[in-house]
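Structure data follow from model19.cif (mmCIF, C-alpha atoms):
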data_target
#
loop_
_atom_site.group_PDB
_atom_site.id
_atom_site.type_symbol
_atom_site.label_atom_id
_atom_site.label_comp_id
_atom_site.auth_asym_id
_atom_site.auth_seq_id
_atom_site.Cartn_x
_atom_site.Cartn_y
_atom_site.Cartn_z
ATOM 1 C CA MET A 1060 -76.773 -85.256 -45.842
ATOM 2 C CA ASP A 1061 -75.216 -88.381 -44.305
ATOM 3 C CA ALA A 1062 -72.722 -88.557 -47.174
ATOM 4 C CA ILE A 1063 -71.707 -84.916 -46.609
ATOM 5 C CA LEU A 1064 -71.228 -85.479 -42.886
ATOM 6 C CA SER A 1065 -69.279 -88.684 -43.549
ATOM 7 C CA ALA A 1066 -66.997 -86.793 -45.925
ATOM 8 C CA GLY A 1067 -66.598 -84.150 -43.226
ATOM 9 C CA ILE A 1068 -65.462 -86.765 -40.723
ATOM 10 C CA ASP A 1069 -62.961 -88.113 -43.259
ATOM 11 C CA PHE A 1070 -61.589 -84.577 -43.729
ATOM 12 C CA ILE A 1071 -61.272 -84.042 -39.955
ATOM 13 C CA LEU A 1072 -59.367 -87.316 -39.609
ATOM 14 C CA TYR A 1073 -57.137 -86.344 -42.537
ATOM 15 C CA VAL A 1074 -56.115 -82.949 -41.131
ATOM 16 C CA GLN A 1075 -55.666 -84.382 -37.648
ATOM 17 C CA ALA A 1076 -53.347 -87.057 -39.057
ATOM 18 C CA LEU A 1077 -51.165 -84.262 -40.454
ATOM 19 C CA GLY A 1078 -51.059 -82.471 -37.119
ATOM 20 C CA THR A 1079 -48.079 -82.008 -34.818
ATOM 21 C CA PRO A 1080 -47.797 -80.909 -31.182
ATOM 22 C CA ALA A 1081 -46.947 -77.426 -32.472
ATOM 23 C CA THR A 1082 -50.052 -77.180 -34.666
ATOM 24 C CA ASP A 1083 -52.168 -78.619 -31.850
ATOM 25 C CA ALA A 1084 -50.972 -75.877 -29.497
ATOM 26 C CA PHE A 1085 -51.410 -73.173 -32.143
ATOM 27 C CA PHE A 1086 -54.993 -74.023 -33.036
ATOM 28 C CA GLU A 1087 -55.997 -74.642 -29.416
ATOM 29 C CA GLY A 1088 -54.754 -71.168 -28.537
ATOM 30 C CA PHE A 1089 -56.034 -69.507 -31.698
ATOM 31 C CA THR A 1090 -59.572 -70.848 -31.322
ATOM 32 C CA LYS A 1091 -59.842 -69.181 -27.889
ATOM 33 C CA LEU A 1092 -59.514 -65.825 -29.635
ATOM 34 C CA GLY A 1093 -62.869 -66.676 -31.208
ATOM 35 C CA SER A 1094 -64.621 -66.870 -27.832
ATOM 36 C CA THR A 1095 -63.156 -65.292 -24.692
ATOM 37 C CA GLY A 1096 -60.671 -63.397 -26.857
ATOM 38 C CA TYR A 1097 -63.426 -60.980 -27.863
ATOM 39 C CA LEU A 1098 -63.463 -59.674 -24.300
ATOM 40 C CA LEU A 1099 -60.185 -58.030 -25.334
ATOM 41 C CA LEU A 1100 -60.712 -57.542 -29.064
ATOM 42 C CA VAL A 1101 -64.034 -55.671 -28.800
ATOM 43 C CA PRO A 1102 -62.835 -53.238 -26.086
ATOM 44 C CA LEU A 1103 -59.692 -52.662 -28.139
ATOM 45 C CA VAL A 1104 -61.884 -51.161 -30.871
ATOM 46 C CA LEU A 1105 -64.253 -49.399 -28.460
ATOM 47 C CA TRP A 1106 -61.575 -47.694 -26.397
ATOM 48 C CA CYS A 1107 -58.639 -47.346 -28.784
ATOM 49 C CA VAL A 1108 -59.907 -47.183 -32.387
ATOM 50 C CA ASP A 1109 -63.431 -45.824 -32.854
ATOM 51 C CA TYR A 1110 -66.203 -45.962 -30.268
ATOM 52 C CA ARG A 1111 -69.112 -46.097 -32.719
ATOM 53 C CA LEU A 1112 -67.408 -48.849 -34.703
ATOM 54 C CA GLY A 1113 -66.955 -50.829 -31.493
ATOM 55 C CA VAL A 1114 -70.662 -50.471 -30.668
ATOM 56 C CA ARG A 1115 -71.617 -51.659 -34.167
ATOM 57 C CA ILE A 1116 -69.282 -54.633 -33.890
ATOM 58 C CA GLY A 1117 -70.712 -55.588 -30.507
ATOM 59 C CA LEU A 1118 -74.267 -55.292 -31.801
ATOM 60 C CA ALA A 1119 -73.524 -57.305 -34.945
ATOM 61 C CA MET A 1120 -71.854 -60.039 -32.912
ATOM 62 C CA ALA A 1121 -74.793 -60.205 -30.503
ATOM 63 C CA CYS A 1122 -77.263 -60.471 -33.386
ATOM 64 C CA THR A 1123 -75.363 -63.215 -35.195
ATOM 65 C CA LEU A 1124 -74.877 -65.152 -31.939
ATOM 66 C CA PHE A 1125 -78.620 -64.912 -31.291
ATOM 67 C CA VAL A 1126 -79.297 -66.433 -34.721
ATOM 68 C CA ASN A 1127 -76.638 -69.084 -34.088
ATOM 69 C CA THR A 1128 -78.093 -70.367 -30.816
ATOM 70 C CA ALA A 1129 -81.608 -70.517 -32.258
ATOM 71 C CA LEU A 1130 -80.473 -72.424 -35.361
ATOM 72 C CA LYS A 1131 -78.347 -74.865 -33.376
ATOM 73 C CA GLU A 1132 -81.313 -75.808 -31.202
ATOM 74 C CA TRP A 1133 -83.643 -76.091 -34.195
ATOM 75 C CA ILE A 1134 -81.254 -78.222 -36.284
ATOM 76 C CA GLY A 1135 -79.885 -80.290 -33.387
ATOM 77 C CA LEU A 1136 -76.824 -81.716 -35.149
ATOM 78 C CA ASP A 1137 -74.435 -83.566 -32.834
ATOM 79 C CA ARG A 1138 -70.778 -82.605 -32.896
ATOM 80 C CA PRO A 1139 -68.437 -84.814 -34.953
ATOM 81 C CA PHE A 1140 -66.334 -86.015 -32.010
ATOM 82 C CA THR A 1141 -69.487 -87.533 -30.464
ATOM 83 C CA VAL A 1142 -70.241 -89.425 -33.692
ATOM 84 C CA ASP A 1143 -66.823 -90.927 -34.449
ATOM 85 C CA GLU A 1144 -64.532 -91.972 -31.621
ATOM 86 C CA ARG A 1145 -61.498 -91.777 -33.887
ATOM 87 C CA ILE A 1146 -61.688 -87.971 -33.787
ATOM 88 C CA VAL A 1147 -59.371 -86.493 -31.179
ATOM 89 C CA SER A 1148 -61.053 -83.596 -29.377
ATOM 90 C CA ALA A 1149 -61.148 -81.914 -25.999
ATOM 91 C CA GLY A 1150 -64.877 -81.644 -26.562
ATOM 92 C CA GLU A 1151 -67.354 -78.786 -26.430
ATOM 93 C CA GLY A 1152 -70.959 -78.402 -25.325
ATOM 94 C CA GLY A 1153 -73.993 -77.664 -27.437
ATOM 95 C CA TYR A 1154 -74.849 -78.632 -30.982
ATOM 96 C CA SER A 1155 -72.685 -78.391 -34.079
ATOM 97 C CA LEU A 1156 -74.458 -76.587 -36.949
ATOM 98 C CA PRO A 1157 -73.778 -73.731 -37.616
ATOM 99 C CA SER A 1158 -70.404 -72.773 -36.139
ATOM 100 C CA GLY A 1159 -70.679 -69.834 -33.752
ATOM 101 C CA HIS A 1160 -66.962 -69.137 -34.024
ATOM 102 C CA ALA A 1161 -67.307 -68.856 -37.813
ATOM 103 C CA GLN A 1162 -70.200 -66.412 -37.520
ATOM 104 C CA LEU A 1163 -68.525 -64.233 -34.886
ATOM 105 C CA VAL A 1164 -65.186 -64.019 -36.677
ATOM 106 C CA VAL A 1165 -66.919 -62.760 -39.827
ATOM 107 C CA ALA A 1166 -68.879 -60.139 -37.875
ATOM 108 C CA TYR A 1167 -65.793 -58.783 -36.115
ATOM 109 C CA TRP A 1168 -63.218 -58.779 -38.898
ATOM 110 C CA VAL A 1169 -65.451 -57.790 -41.811
ATOM 111 C CA LEU A 1170 -66.736 -54.715 -39.958
ATOM 112 C CA LEU A 1171 -63.225 -53.768 -38.878
ATOM 113 C CA ALA A 1172 -61.768 -54.337 -42.351
ATOM 114 C CA ALA A 1173 -64.566 -52.308 -43.968
ATOM 115 C CA TRP A 1174 -63.750 -49.439 -41.595
ATOM 116 C CA VAL A 1175 -59.981 -49.619 -42.261
ATOM 117 C CA ASN A 1176 -60.691 -50.066 -45.990
ATOM 118 C CA ARG A 1177 -57.205 -51.110 -47.072
ATOM 119 C CA ARG A 1178 -56.377 -54.087 -49.256
ATOM 120 C CA GLY A 1179 -53.631 -55.355 -46.968
ATOM 121 C CA PHE A 1180 -55.925 -55.324 -43.962
ATOM 122 C CA TRP A 1181 -58.635 -57.157 -45.924
ATOM 123 C CA VAL A 1182 -56.097 -59.895 -46.727
ATOM 124 C CA PHE A 1183 -55.176 -60.113 -43.041
ATOM 125 C CA ALA A 1184 -58.873 -60.307 -42.068
ATOM 126 C CA VAL A 1185 -59.641 -63.058 -44.595
ATOM 127 C CA VAL A 1186 -56.676 -65.125 -43.414
ATOM 128 C CA TRP A 1187 -57.797 -64.713 -39.788
ATOM 129 C CA ILE A 1188 -61.370 -65.732 -40.710
ATOM 130 C CA PHE A 1189 -60.109 -68.822 -42.548
ATOM 131 C CA LEU A 1190 -57.781 -69.899 -39.738
ATOM 132 C CA MET A 1191 -60.534 -69.513 -37.141
ATOM 133 C CA GLY A 1192 -62.862 -71.723 -39.149
ATOM 134 C CA PHE A 1193 -60.132 -74.263 -39.869
ATOM 135 C CA SER A 1194 -59.232 -74.425 -36.160
ATOM 136 C CA ARG A 1195 -62.756 -75.600 -35.348
ATOM 137 C CA VAL A 1196 -62.458 -78.453 -37.866
ATOM 138 C CA TYR A 1197 -58.901 -79.330 -36.816
ATOM 139 C CA LEU A 1198 -59.995 -79.583 -33.169
ATOM 140 C CA GLY A 1199 -62.837 -81.921 -34.098
ATOM 141 C CA VAL A 1200 -65.665 -79.788 -32.712
ATOM 142 C CA HIS A 1201 -67.224 -78.894 -36.091
ATOM 143 C CA TYR A 1202 -67.786 -80.437 -39.491
ATOM 144 C CA PRO A 1203 -66.385 -78.407 -42.404
ATOM 145 C CA THR A 1204 -69.984 -77.716 -43.465
ATOM 146 C CA ASP A 1205 -70.711 -76.199 -40.030
ATOM 147 C CA VAL A 1206 -67.965 -73.661 -40.655
ATOM 148 C CA ILE A 1207 -68.992 -72.894 -44.233
ATOM 149 C CA VAL A 1208 -72.610 -72.342 -43.200
ATOM 150 C CA GLY A 1209 -71.409 -70.250 -40.252
ATOM 151 C CA TRP A 1210 -69.370 -68.026 -42.545
ATOM 152 C CA GLY A 1211 -72.412 -67.547 -44.768
ATOM 153 C CA ILE A 1212 -74.785 -66.693 -41.924
ATOM 154 C CA GLY A 1213 -72.173 -64.417 -40.400
ATOM 155 C CA ALA A 1214 -71.881 -62.546 -43.691
ATOM 156 C CA LEU A 1215 -75.666 -62.221 -44.062
ATOM 157 C CA THR A 1216 -76.196 -60.906 -40.533
ATOM 158 C CA THR A 1217 -73.212 -58.557 -40.765
ATOM 159 C CA TRP A 1218 -73.965 -57.113 -44.198
ATOM 160 C CA PRO A 1219 -76.578 -54.563 -43.008
ATOM 161 C CA PHE A 1220 -74.088 -53.232 -40.456
ATOM 162 C CA VAL A 1221 -71.531 -52.731 -43.244
ATOM 163 C CA THR A 1222 -73.783 -51.181 -45.883
ATOM 164 C CA ARG A 1223 -75.860 -49.053 -43.516
ATOM 165 C CA ALA A 1224 -73.164 -48.061 -41.034
ATOM 166 C CA ARG A 1225 -73.558 -44.303 -41.453
ATOM 167 C CA ALA A 1226 -77.361 -44.519 -41.394
ATOM 168 C CA LEU A 1227 -77.265 -46.594 -38.194
ATOM 169 C CA ASP A 1228 -74.921 -44.107 -36.514
ATOM 170 C CA THR A 1229 -77.125 -41.184 -37.565
ATOM 171 C CA ALA A 1230 -80.333 -42.888 -36.449
ATOM 172 C CA TRP A 1231 -78.869 -43.808 -33.075
ATOM 173 C CA SER A 1232 -77.525 -40.295 -32.499
ATOM 174 C CA ALA A 1233 -80.866 -38.752 -33.446
ATOM 175 C CA ALA A 1234 -82.972 -41.142 -31.365
ATOM 176 C CA SER A 1235 -84.578 -39.721 -28.243
ATOM 177 C CA PRO A 1236 -83.494 -41.219 -24.909
ATOM 178 C CA ARG A 1237 -86.920 -42.851 -24.576
ATOM 179 C CA LEU A 1238 -86.658 -44.508 -28.006
ATOM 180 C CA ALA A 1239 -83.099 -45.625 -27.280
ATOM 181 C CA PHE A 1240 -84.249 -47.237 -24.035
ATOM 182 C CA TRP A 1241 -87.053 -49.001 -25.903
ATOM 183 C CA ILE A 1242 -84.597 -50.339 -28.479
ATOM 184 C CA VAL A 1243 -82.242 -51.658 -25.796
ATOM 185 C CA GLY A 1244 -85.175 -53.142 -23.881
ATOM 186 C CA ALA A 1245 -86.564 -54.858 -26.980
ATOM 187 C CA ALA A 1246 -83.167 -56.375 -27.810
ATOM 188 C CA THR A 1247 -82.710 -57.571 -24.233
ATOM 189 C CA GLY A 1248 -86.208 -59.045 -24.229
ATOM 190 C CA ALA A 1249 -85.562 -60.938 -27.476
ATOM 191 C CA PHE A 1250 -82.421 -62.497 -26.053
ATOM 192 C CA LEU A 1251 -84.217 -63.376 -22.810
ATOM 193 C CA LEU A 1252 -87.009 -65.047 -24.768
ATOM 194 C CA ASP A 1253 -84.450 -67.114 -26.630
ATOM 195 C CA ALA A 1254 -82.845 -67.960 -23.285
ATOM 196 C CA VAL A 1255 -86.170 -69.422 -22.134
ATOM 197 C CA LEU A 1256 -86.553 -71.508 -25.300
ATOM 198 C CA VAL A 1257 -82.923 -72.595 -25.771
ATOM 199 C CA ARG A 1258 -81.541 -74.781 -23.010
ATOM 200 C CA ASP A 1259 -78.342 -76.335 -24.306
ATOM 201 C CA HIS A 1260 -75.807 -73.640 -24.980
ATOM 202 C CA GLY A 1261 -73.922 -73.047 -21.757
ATOM 203 C CA TYR A 1262 -75.936 -69.996 -20.694
ATOM 204 C CA ILE A 1263 -74.967 -68.068 -23.830
ATOM 205 C CA ASP A 1264 -78.348 -66.415 -24.303
ATOM 206 C CA PRO A 1265 -78.696 -65.106 -20.723
ATOM 207 C CA GLY A 1266 -75.189 -63.720 -21.130
ATOM 208 C CA ILE A 1267 -76.105 -62.020 -24.411
ATOM 209 C CA ALA A 1268 -79.259 -60.580 -22.827
ATOM 210 C CA GLY A 1269 -77.316 -59.163 -19.907
ATOM 211 C CA PHE A 1270 -74.591 -57.773 -22.118
ATOM 212 C CA ALA A 1271 -77.163 -56.195 -24.455
ATOM 213 C CA LEU A 1272 -78.801 -54.448 -21.498
ATOM 214 C CA GLY A 1273 -75.592 -53.246 -19.856
ATOM 215 C CA SER A 1274 -73.756 -52.223 -23.004
ATOM 216 C CA GLY A 1275 -76.892 -50.616 -24.430
ATOM 217 C CA LEU A 1276 -77.385 -48.453 -21.357
ATOM 218 C CA GLY A 1277 -73.698 -47.552 -21.397
ATOM 219 C CA ALA A 1278 -73.867 -46.596 -25.075
ATOM 220 C CA ILE A 1279 -76.917 -44.406 -24.448
ATOM 221 C CA TRP A 1280 -75.131 -42.606 -21.614
ATOM 222 C CA THR A 1281 -71.906 -42.122 -23.560
ATOM 223 C CA GLY A 1282 -73.764 -41.054 -26.698
ATOM 224 C CA ARG A 1283 -75.746 -38.426 -24.829
ATOM 225 C CA ARG A 1284 -72.539 -36.961 -23.370
ATOM 226 C CA ALA A 1285 -71.014 -36.967 -26.909
ATOM 227 C CA GLU A 1286 -67.459 -36.717 -25.635
ATOM 228 C CA PHE A 1287 -65.628 -40.033 -25.998
ATOM 229 C CA ASP A 1288 -64.676 -41.281 -29.467
ATOM 230 C CA GLY A 1289 -61.644 -43.578 -29.052
ATOM 231 C CA ALA A 1290 -59.144 -41.231 -30.697
ATOM 232 C CA GLY A 1291 -55.988 -39.821 -29.128
ATOM 233 C CA ALA A 1292 -52.223 -40.166 -28.972
ATOM 234 C CA PRO A 1293 -50.864 -43.739 -29.109
ATOM 235 C CA TRP A 1294 -49.715 -43.633 -25.488
ATOM 236 C CA LYS A 1295 -53.187 -42.564 -24.398
ATOM 237 C CA ARG A 1296 -54.826 -45.380 -26.356
ATOM 238 C CA ALA A 1297 -52.443 -47.926 -24.861
ATOM 239 C CA SER A 1298 -53.022 -46.535 -21.372
ATOM 240 C CA ARG A 1299 -56.797 -46.671 -21.830
ATOM 241 C CA PHE A 1300 -56.628 -50.277 -22.924
ATOM 242 C CA ALA A 1301 -54.379 -51.302 -20.037
ATOM 243 C CA LEU A 1302 -56.550 -49.519 -17.473
ATOM 244 C CA GLY A 1303 -59.772 -50.850 -18.993
ATOM 245 C CA VAL A 1304 -58.563 -54.449 -19.010
ATOM 246 C CA LEU A 1305 -57.203 -54.094 -15.476
ATOM 247 C CA VAL A 1306 -60.687 -53.192 -14.253
ATOM 248 C CA SER A 1307 -62.450 -55.705 -16.517
ATOM 249 C CA LEU A 1308 -60.622 -58.730 -15.131
ATOM 250 C CA PRO A 1309 -62.109 -58.634 -11.622
ATOM 251 C CA LEU A 1310 -65.546 -57.944 -13.146
ATOM 252 C CA LEU A 1311 -65.512 -61.267 -15.015
ATOM 253 C CA GLY A 1312 -67.626 -63.633 -12.942
ATOM 254 C CA ALA A 1313 -67.898 -61.140 -10.081
ATOM 255 C CA MET A 1314 -71.577 -61.890 -9.433
ATOM 256 C CA ARG A 1315 -70.911 -65.630 -9.443
ATOM 257 C CA ARG A 1316 -68.159 -65.211 -6.887
ATOM 258 C CA LEU A 1317 -70.662 -63.473 -4.630
ATOM 259 C CA GLY A 1318 -72.786 -66.611 -4.753
ATOM 260 C CA ALA A 1319 -75.460 -67.778 -7.189
ATOM 261 C CA PRO A 1320 -78.991 -68.817 -6.229
ATOM 262 C CA HIS A 1321 -79.539 -72.551 -6.412
ATOM 263 C CA GLY A 1322 -80.779 -74.133 -9.610
ATOM 264 C CA GLU A 1323 -80.452 -73.570 -13.341
ATOM 265 C CA TRP A 1324 -82.462 -70.349 -13.408
ATOM 266 C CA GLY A 1325 -80.444 -68.893 -10.575
ATOM 267 C CA THR A 1326 -77.287 -69.505 -12.566
ATOM 268 C CA ARG A 1327 -78.867 -67.936 -15.654
ATOM 269 C CA LEU A 1328 -79.755 -64.834 -13.660
ATOM 270 C CA VAL A 1329 -76.250 -64.463 -12.272
ATOM 271 C CA VAL A 1330 -74.662 -64.951 -15.712
ATOM 272 C CA ALA A 1331 -76.940 -62.231 -17.086
ATOM 273 C CA LEU A 1332 -75.982 -59.880 -14.236
ATOM 274 C CA ASP A 1333 -72.284 -60.606 -14.767
ATOM 275 C CA MET A 1334 -72.461 -59.695 -18.425
ATOM 276 C CA ALA A 1335 -74.674 -56.654 -17.775
ATOM 277 C CA VAL A 1336 -72.063 -55.216 -15.421
ATOM 278 C CA LEU A 1337 -69.277 -55.972 -17.901
ATOM 279 C CA GLY A 1338 -71.215 -54.418 -20.782
ATOM 280 C CA LEU A 1339 -71.995 -51.277 -18.775
ATOM 281 C CA TRP A 1340 -68.319 -50.951 -17.914
ATOM 282 C CA MET A 1341 -67.136 -51.356 -21.501
ATOM 283 C CA THR A 1342 -69.473 -48.866 -23.176
ATOM 284 C CA GLY A 1343 -70.283 -46.440 -20.358
ATOM 285 C CA LEU A 1344 -68.199 -46.422 -17.206
ATOM 286 C CA ALA A 1345 -64.825 -47.010 -18.862
ATOM 287 C CA PRO A 1346 -65.152 -44.066 -21.311
ATOM 288 C CA TRP A 1347 -66.312 -41.871 -18.435
ATOM 289 C CA LEU A 1348 -63.267 -42.898 -16.362
ATOM 290 C CA PHE A 1349 -60.909 -42.312 -19.282
ATOM 291 C CA GLU A 1350 -62.213 -38.765 -19.580
ATOM 292 C CA LYS A 1351 -61.874 -38.129 -15.858
ATOM 293 C CA VAL A 1352 -58.223 -39.220 -15.797
ATOM 294 C CA ARG A 1353 -57.524 -37.260 -19.025
ATOM 295 C CA LEU A 1354 -56.776 -40.277 -21.194
ATOM 296 C CA ALA A 1355 -59.567 -39.531 -23.675
ATOM 297 C CA SER A 1356 -60.042 -37.174 -26.601
ATOM 298 C CA ARG A 1357 -63.033 -34.947 -27.074
ATOM 299 C CA ALA A 1358 -65.124 -36.047 -30.044
ATOM 300 C CA GLY A 1359 -64.880 -33.375 -32.683
ATOM 301 C CA GLY A 1360 -62.979 -31.121 -30.382
ATOM 302 C CA GLY A 1361 -59.394 -32.207 -30.806
ATOM 303 C CA GLU A 1362 -57.189 -33.852 -28.284
ATOM 304 C CA GLU A 1363 -56.744 -32.589 -24.767
ATOM 305 C CA PRO A 1364 -53.340 -31.249 -23.814
ATOM 306 C CA ALA A 1365 -50.843 -33.998 -23.048
#
Rewrite the coordinates I just gave you, this time as structure tokens.
Amino acid sequence: MDAILSAGIDFILYVQALGTPATDAFFEGFTKLGSTGYLLLVPLVLWCVDYRLGVRIGLAMACTLFVNTALKEWIGLDRPFTVDERIVSAGEGGYSLPSGHAQLVVAYWVLLAAWVNRRGFWVFAVVWIFLMGFSRVYLGVHYPTDVIVGWGIGALTTWPFVTRARALDTAWSAASPRLAFWIVGAATGAFLLDAVLVRDHGYIDPGIAGFALGSGLGAIWTGRRAEFDGAGAPWKRASRFALGVLVSLPLLGAMRRLGAPHGEWGTRLVVALDMAVLGLWMTGLAPWLFEKVRLASRAGGGEEPA
């Protein structure tokens, strides 16, 4: 294992030696699309492509991130820039193996590419997945093996959502409100349990738990109304996205701006509330608003008059 990690450090130093200010700026910006960028990329699918696909993508990403945080804590591998001072890096918290960015990028782009189902889009998705993984190595925050393992775990956790997509949609649509609430509650509880056990990941698990609760409740509400589906004229899709993002921005960190209770657990609670509100907006309140202002199509009923 030490030999593999040593070879990984040599590779990081090699690619960094080939770097330029332009490549530094590119990969620093690109890697952000693998974290905060999903706050735009997931709603883009939810609101402007296909609502059910967006819900599946969000669920798959939450599941793979849950696995990631648990494995990182269990393995406890330090990041390469903390091991070798020759590595140039802005740094990042938490452990190294596996790469969360690598897992998330597989979940998002594989599900989207499977839905589009065109060769050209698959090529685009694979290139994006590769560049995201390479950016983590180039920036010195992951060993190459972290990324490779992350890609593998991302594929394993995403595969059921690809192969059983129609069955999942049917089961969710047929589930009673009580069962749906139990499912959302169980998922939220699992993430909260992990949040109690995992202490070194920048409040990721409380955020996942809150988002699972809020987005789950929003999906139940929207699914029971059976009206919003993400279709519509291009100008309506663009307008939905612009309006949705405009409202989302002040919601980011809104609870924290109101003041967090003192201590670590107070911060965890506020992070969970922040993400619950954001999740409820994305899957429930935003589709409802789009319908009210006549920017949405009726699922199965054609588009409303322009």
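Proximity to region 1076-1082 of chain A at 10 Å, evaluated using only C-alpha atoms and with sequence-adjacent residues fewer than 4 positions away removed, yields Phe1070, Ile1071, Leu1072, Phe1086, Glu1087, Gly1088, Ile1146, Val1147, Ser1194 and Tyr1197 of chain A.
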- [ ] Compare A:Tyr1167, A:Trp1106, A:Tyr1073, A:Trp1294 by their minimum atom-to-atom distance to Ser1094 (chain A), counting all atoms listed in the file, and give me the closest one.
- [x] A:Tyr1167
- [ ] Find the residue from A:Cys1122, A:Val1336, A:Ile1188, A:Val1221 that sits nearest to Leu1170 (chain A); use all atoms listed in the file when measuring.
- [x] A:Val1221
TODO: Find the residues around Asp1069 (chain A) up to 12 Å (only C-alpha atoms counted), leave out those fewer than 5 positions away in its own chain, and share them as an MDAnalysis selection string.
DONE: chainID A and resid 1062:1064 1074:1076 1139:1140 1143 1145:1146 1196:1197 1199 1202:1203
Open item on the list: Give me the residues near region 1205-1207 of chain A as a ChimeraX atom specification, where near means some atom within 8 Å (using only C-alpha atoms) and where sequence neighbours in that chain fewer than 6 positions away do not count.
Closed with: /A:1155-1158,1161,1192-1193,1195-1196
Open item on the list: My list of candidates is A:Val1200, A:Gln1162, A:Val1208, A:Val1169. Which is closest to Val1185 (chain A) when distances are computed with all atoms listed in the file?
Closed with: A:Val1169
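Contact shell of Asp1061 (chain A) at 12 Å (all atoms listed in the file; same-chain neighbours under 5 positions omitted): Ala1066, Gly1067, Ile1068, Leu1136, Val1142, Tyr1202 and Thr1204 of chain A.
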Quick one: write out the picked residues with C-alpha atoms as a PDB file, in the frame of the given file?
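So the final result, stored in part25.pdb, reads:
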ATOM      1  CA  ALA A1066     -66.997 -86.793 -45.925  1.00  0.00           C
ATOM      2  CA  GLY A1067     -66.598 -84.150 -43.226  1.00  0.00           C
ATOM      3  CA  ILE A1068     -65.462 -86.765 -40.723  1.00  0.00           C
ATOM      4  CA  LEU A1136     -76.824 -81.716 -35.149  1.00  0.00           C
ATOM      5  CA  VAL A1142     -70.241 -89.425 -33.692  1.00  0.00           C
ATOM      6  CA  TYR A1202     -67.786 -80.437 -39.491  1.00  0.00           C
ATOM      7  CA  THR A1204     -69.984 -77.716 -43.465  1.00  0.00           C
TER       8      THR A1204
END
TODO: Could you please give me, as a count of residues only, the residues of protein, DNA or RNA lying at most 10 Å from (-63.0, -57.2, -19.0) in the coordinate frame of the file, considering all atoms listed in the file?
DONE: 22
Task: Interatomic distance, CA of Leu1190 (chain A) to CA of Arg1115 (chain A) (Å, one decimal) - done: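 According to the coordinates, CA of Leu1190 (chain A) and CA of Arg1115 (chain A) are separated by 23.6 Å.
Compared by their closest atoms to Leu1103 (chain A), and using all atoms listed in the file, the residues A:Trp1280, A:Phe1300, A:Phe1349, A:Phe1125 rank with A:Phe1300 nearest.
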Residues returned when the PyMOL selection byres ((chain A and resi 1270-1275) around 10) runs on this file, as a short mmCIF file (atom, residue, chain, number, x, y, z; two decimals) with C-alpha atoms, keeping the file's coordinate frame:
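Wrote it out as out-v7.cif, contents follow:
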data_model
loop_
_atom_site.label_atom_id
_atom_site.label_comp_id
_atom_site.auth_asym_id
_atom_site.auth_seq_id
_atom_site.Cartn_x
_atom_site.Cartn_y
_atom_site.Cartn_z
CA VAL A 1114 -70.66 -50.47 -30.67
CA GLY A 1117 -70.71 -55.59 -30.51
CA LEU A 1118 -74.27 -55.29 -31.80
CA ALA A 1121 -74.79 -60.20 -30.50
CA CYS A 1122 -77.26 -60.47 -33.39
CA ALA A 1239 -83.10 -45.62 -27.28
CA PHE A 1240 -84.25 -47.24 -24.04
CA ILE A 1242 -84.60 -50.34 -28.48
CA VAL A 1243 -82.24 -51.66 -25.80
CA GLY A 1244 -85.18 -53.14 -23.88
CA ALA A 1245 -86.56 -54.86 -26.98
CA ALA A 1246 -83.17 -56.38 -27.81
CA THR A 1247 -82.71 -57.57 -24.23
CA GLY A 1248 -86.21 -59.04 -24.23
CA PHE A 1250 -82.42 -62.50 -26.05
CA ASP A 1264 -78.35 -66.42 -24.30
CA PRO A 1265 -78.70 -65.11 -20.72
CA GLY A 1266 -75.19 -63.72 -21.13
CA ILE A 1267 -76.10 -62.02 -24.41
CA ALA A 1268 -79.26 -60.58 -22.83
CA GLY A 1269 -77.32 -59.16 -19.91
CA LEU A 1276 -77.39 -48.45 -21.36
CA GLY A 1277 -73.70 -47.55 -21.40
CA ALA A 1278 -73.87 -46.60 -25.08
CA ILE A 1279 -76.92 -44.41 -24.45
CA TRP A 1280 -75.13 -42.61 -21.61
CA THR A 1281 -71.91 -42.12 -23.56
CA VAL A 1330 -74.66 -64.95 -15.71
CA ALA A 1331 -76.94 -62.23 -17.09
CA LEU A 1332 -75.98 -59.88 -14.24
CA ASP A 1333 -72.28 -60.61 -14.77
CA MET A 1334 -72.46 -59.70 -18.42
CA ALA A 1335 -74.67 -56.65 -17.77
CA VAL A 1336 -72.06 -55.22 -15.42
CA LEU A 1337 -69.28 -55.97 -17.90
CA GLY A 1338 -71.22 -54.42 -20.78
CA LEU A 1339 -72.00 -51.28 -18.77
CA TRP A 1340 -68.32 -50.95 -17.91
CA MET A 1341 -67.14 -51.36 -21.50
CA THR A 1342 -69.47 -48.87 -23.18
CA GLY A 1343 -70.28 -46.44 -20.36
CA LEU A 1344 -68.20 -46.42 -17.21
#
Ground truth for the PyMOL selection byres ((chain A and resi 1295) around 10), written as an mmCIF file with C-alpha atoms, in the coordinates of the input:
data_model
loop_
_atom_site.group_PDB
_atom_site.id
_atom_site.type_symbol
_atom_site.label_atom_id
_atom_site.label_comp_id
_atom_site.auth_asym_id
_atom_site.auth_seq_id
_atom_site.Cartn_x
_atom_site.Cartn_y
_atom_site.Cartn_z
ATOM 1 C CA CYS A 1107 -58.639 -47.346 -28.784
ATOM 2 C CA GLY A 1289 -61.644 -43.578 -29.052
ATOM 3 C CA ALA A 1290 -59.144 -41.231 -30.697
ATOM 4 C CA GLY A 1291 -55.988 -39.821 -29.128
ATOM 5 C CA ALA A 1292 -52.223 -40.166 -28.972
ATOM 6 C CA PRO A 1293 -50.864 -43.739 -29.109
ATOM 7 C CA TRP A 1294 -49.715 -43.633 -25.488
ATOM 8 C CA ARG A 1296 -54.826 -45.380 -26.356
ATOM 9 C CA ALA A 1297 -52.443 -47.926 -24.861
ATOM 10 C CA SER A 1298 -53.022 -46.535 -21.372
ATOM 11 C CA ARG A 1299 -56.797 -46.671 -21.830
ATOM 12 C CA PHE A 1300 -56.628 -50.277 -22.924
ATOM 13 C CA ALA A 1301 -54.379 -51.302 -20.037
ATOM 14 C CA PHE A 1349 -60.909 -42.312 -19.282
ATOM 15 C CA ARG A 1353 -57.524 -37.260 -19.025
ATOM 16 C CA LEU A 1354 -56.776 -40.277 -21.194
ATOM 17 C CA ALA A 1355 -59.567 -39.531 -23.675
ATOM 18 C CA SER A 1356 -60.042 -37.174 -26.601
ATOM 19 C CA ALA A 1365 -50.843 -33.998 -23.048
#
